[in-house]
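Below: the structure, in structure tokens.
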Amino acid sequence: MADRDVDRVALAFGIAFVVAGVLFLLDRLDVWELRISYVLPIFLIALGVGLLVGGRSKEPPATG
Amino acid sequence: MSDLPPAPQTPPKPVPAGRLLLGVLLVLLGLGWLLDTTGAADLDWDLILPIGLILVGIALSIAGWQGRGRGGLIAIGVILTVVLTIGTVVRVPLGGGIGDRTERPRTFEAVRDRFELAIGKLTVDLRDLPTRGEVPNEVRIEAAVGIGQLVVLVGSGIPCVATHAEAGLGEVVVFGERRGGVTPEYRPEDVCLGPPVLNLDVTVGLGQVEVRRG
């Protein structure tokens, strides 16, 4: 599959949502405690990574 | 009668992934609610949103890998993440009730259960706990308030109190030491050598948690 066919933003958000969902699920099942002090930094990191990946996926404007 | 040729049949447009998933989620949610209401199943609603977020993530990853449209899936995922994050930061113990309540345990058996209040002021008065006789070496006490104030009063008969206190948003005051803002936390620093050691784990989602000598 050609690289340009892959929607990187969607893929990045999808993976982030799966990881976040698993962490929240483990927390709700009392398998692993998602402490308050971890949640907000992780949320910011995920948001930043999403923005960075989203920025990379934009193709430069055509010239000439 | 018209002589116009019949309009060419266009293939039906595929349903966007976002709408499809939202539909599936709503159907599952409705079914679950119905089964829960009729008593046919006992669902743990705490698990519904994380599972929904995982499903959104899987659908979004597949759509992204295939280069298909996102169809609002990112918006749904962001909303679910924000709701779950708020739910984790402001842990509202729904079963704890609303209002002002004072708990005054007199035995160590009475502090085994976690003290909880959803909204209001919860005072856990530990001054009546016995300090002589058959006293366990270590006692763990947990208390949580979703929104409001949590006050824990410790008697002078228990010299060693290891406290872990945290708030989602608000203030933590442990024996006069104040910490405030977003996710303030106090971790035990004292090394306790002599029993009984009181291990306190106290949490408030939004508001103030205070531990002090009574």
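Residues are named by chain letter and number: chains run A, B, ... in the order of the structure tokens, numbers start at 1 in each chain, and ligands are numbered from 1 in the order shown.
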Chain B near chain A within 9 Å: what's each residue's closest atom pair and its distance in Å to one decimal, counting only C-alpha atoms, ordered by chain then ascending residue number, as CSV?
residue,atom,partner,partner_atom,distance
B:Asp46,CA,A:Arg28,CA,6.4
B:Leu47,CA,A:Leu25,CA,6.3
B:Ile48,CA,A:Leu25,CA,8.9
B:Leu49,CA,A:Gly21,CA,8.2
B:Pro50,CA,A:Gly21,CA,4.7
B:Ile51,CA,A:Gly21,CA,6.5
B:Gly52,CA,A:Gly21,CA,7.8
B:Leu53,CA,A:Gly21,CA,5.2
B:Ile54,CA,A:Val18,CA,4.4
B:Leu55,CA,A:Val18,CA,7.4
B:Val56,CA,A:Gly14,CA,7.1
B:Gly57,CA,A:Gly14,CA,3.9
B:Ile58,CA,A:Gly14,CA,6.0
B:Ala59,CA,A:Gly14,CA,7.3
B:Leu60,CA,A:Gly14,CA,4.7
B:Ser61,CA,A:Leu11,CA,4.5
B:Ile62,CA,A:Leu11,CA,7.5
B:Ala63,CA,A:Ala10,CA,7.2
B:Gly64,CA,A:Asp7,CA,4.5
B:Trp65,CA,A:Val6,CA,4.9
B:Gln66,CA,A:Val6,CA,6.1
B:Gly67,CA,A:Val6,CA,4.6
B:Arg68,CA,A:Asp7,CA,7.5
B:Gly69,CA,A:Asp7,CA,8.3
B:Arg70,CA,A:Ala10,CA,6.4
B:Leu73,CA,A:Ala10,CA,8.6
B:Ile74,CA,A:Phe13,CA,6.8
B:Gly77,CA,A:Phe17,CA,6.6
B:Val78,CA,A:Phe17,CA,8.3
B:Thr81,CA,A:Ala20,CA,7.6
B:Val82,CA,A:Phe43,CA,8.9
B:Leu84,CA,A:Phe24,CA,7.3
B:Thr85,CA,A:Val39,CA,6.8
B:Thr88,CA,A:Ile36,CA,6.6
B:Val89,CA,A:Ile36,CA,5.2
B:Val90,CA,A:Ile36,CA,8.5
B:Glu166,CA,A:Ile36,CA,8.0
B:Ala167,CA,A:Ile36,CA,7.8
B:Gly168,CA,A:Ile36,CA,6.1
B:Val182,CA,A:Ser37,CA,8.7
B:Thr183,CA,A:Ser37,CA,5.7
B:Pro184,CA,A:Ser37,CA,8.0
B:Glu185,CA,A:Ser37,CA,8.0
B:Gly205,CA,A:Ile36,CA,8.8
Nearby residues (only C-alpha atoms) at most 8 Å from range 135-138 of chain B, same-chain spacing under 6 positions excluded, as an mmCIF file with C-alpha atoms, in the first residue's frame:
data_model
loop_
_atom_site.group_PDB
_atom_site.id
_atom_site.type_symbol
_atom_site.label_atom_id
_atom_site.label_comp_id
_atom_site.auth_asym_id
_atom_site.auth_seq_id
_atom_site.Cartn_x
_atom_site.Cartn_y
_atom_site.Cartn_z
ATOM 1 C CA PRO B 195 3.097 0.409 65.912
ATOM 2 C CA PRO B 196 0.342 1.169 65.378
ATOM 3 C CA VAL B 197 1.045 2.711 62.000
ATOM 4 C CA LEU B 198 -1.918 4.407 60.413
ATOM 5 C CA ASN B 199 -1.763 4.354 56.617
#
task: Please provide as a list in words all residues within 12 Å of Leu29 in chain B, with the sequence filter that same-chain residues fewer than 3 positions apart are discarded (counting only C-alpha atoms).
output: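 Selected residues are Leu21, Leu22, Gly23, Val24, Leu25, Leu26, Gly32, Trp33, Leu34, Leu35, Asp36, Leu43, Asp44, Trp45, Leu47, Ile48, Leu49, Ile51 and Gly52 of chain B.
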Output of the above residues as a compact mmCIF listing (two decimals), in the first residue's frame, restricted to N, CA and C atoms:
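Generated output (result-v8.txt):
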# COMPACT_ATOMS: atom_id res chain seq x y z
N LEU B 21 -20.20 3.49 13.36
CA LEU B 21 -19.79 3.12 14.71
C LEU B 21 -20.70 3.74 15.75
N LEU B 22 -21.08 5.01 15.51
CA LEU B 22 -21.99 5.67 16.44
C LEU B 22 -23.31 4.90 16.53
N GLY B 23 -23.79 4.45 15.37
CA GLY B 23 -25.02 3.66 15.35
C GLY B 23 -24.87 2.38 16.14
N VAL B 24 -23.75 1.68 15.90
CA VAL B 24 -23.51 0.42 16.62
C VAL B 24 -23.43 0.68 18.12
N LEU B 25 -22.72 1.75 18.50
CA LEU B 25 -22.58 2.08 19.92
C LEU B 25 -23.93 2.39 20.55
N LEU B 26 -24.76 3.15 19.83
CA LEU B 26 -26.07 3.51 20.37
C LEU B 26 -26.95 2.27 20.52
N GLY B 32 -27.97 -2.70 26.17
CA GLY B 32 -27.43 -2.89 27.52
C GLY B 32 -28.31 -2.27 28.58
N TRP B 33 -28.78 -1.05 28.29
CA TRP B 33 -29.66 -0.33 29.21
C TRP B 33 -30.94 -1.12 29.45
N LEU B 34 -31.51 -1.63 28.32
CA LEU B 34 -32.75 -2.40 28.41
C LEU B 34 -32.56 -3.66 29.24
N LEU B 35 -31.46 -4.38 28.96
CA LEU B 35 -31.20 -5.62 29.71
C LEU B 35 -30.97 -5.32 31.18
N ASP B 36 -30.29 -4.19 31.46
CA ASP B 36 -30.02 -3.80 32.84
C ASP B 36 -31.32 -3.44 33.55
N LEU B 43 -25.05 -4.96 34.21
CA LEU B 43 -23.93 -4.36 33.49
C LEU B 43 -23.14 -3.42 34.39
N ASP B 44 -21.84 -3.44 34.20
CA ASP B 44 -20.98 -2.50 34.91
C ASP B 44 -20.76 -1.30 34.00
N TRP B 45 -21.47 -0.23 34.29
CA TRP B 45 -21.44 0.94 33.41
C TRP B 45 -20.08 1.63 33.39
N LEU B 47 -17.47 0.27 32.69
CA LEU B 47 -16.67 -0.34 31.63
C LEU B 47 -17.13 0.05 30.23
N ILE B 48 -18.33 0.62 30.14
CA ILE B 48 -18.91 0.90 28.82
C ILE B 48 -18.08 1.95 28.07
N LEU B 49 -17.76 3.04 28.73
CA LEU B 49 -17.04 4.12 28.04
C LEU B 49 -15.63 3.72 27.60
N ILE B 51 -14.57 0.75 26.85
CA ILE B 51 -14.73 -0.20 25.73
C ILE B 51 -15.14 0.57 24.47
N GLY B 52 -16.02 1.56 24.64
CA GLY B 52 -16.41 2.39 23.50
C GLY B 52 -15.21 3.12 22.90
message: If I take CA of Pro105 in chain B and CA of Pro130 in chain B, how far is one from the other in Å, to one decimal?
response: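 Taking CA of Pro105 in chain B as the start and CA of Pro130 in chain B as the end point, the length is 9.8 Å.
One finds CA of Ile147 in chain B at 22.7 Å from CA of Arg112 in chain B.
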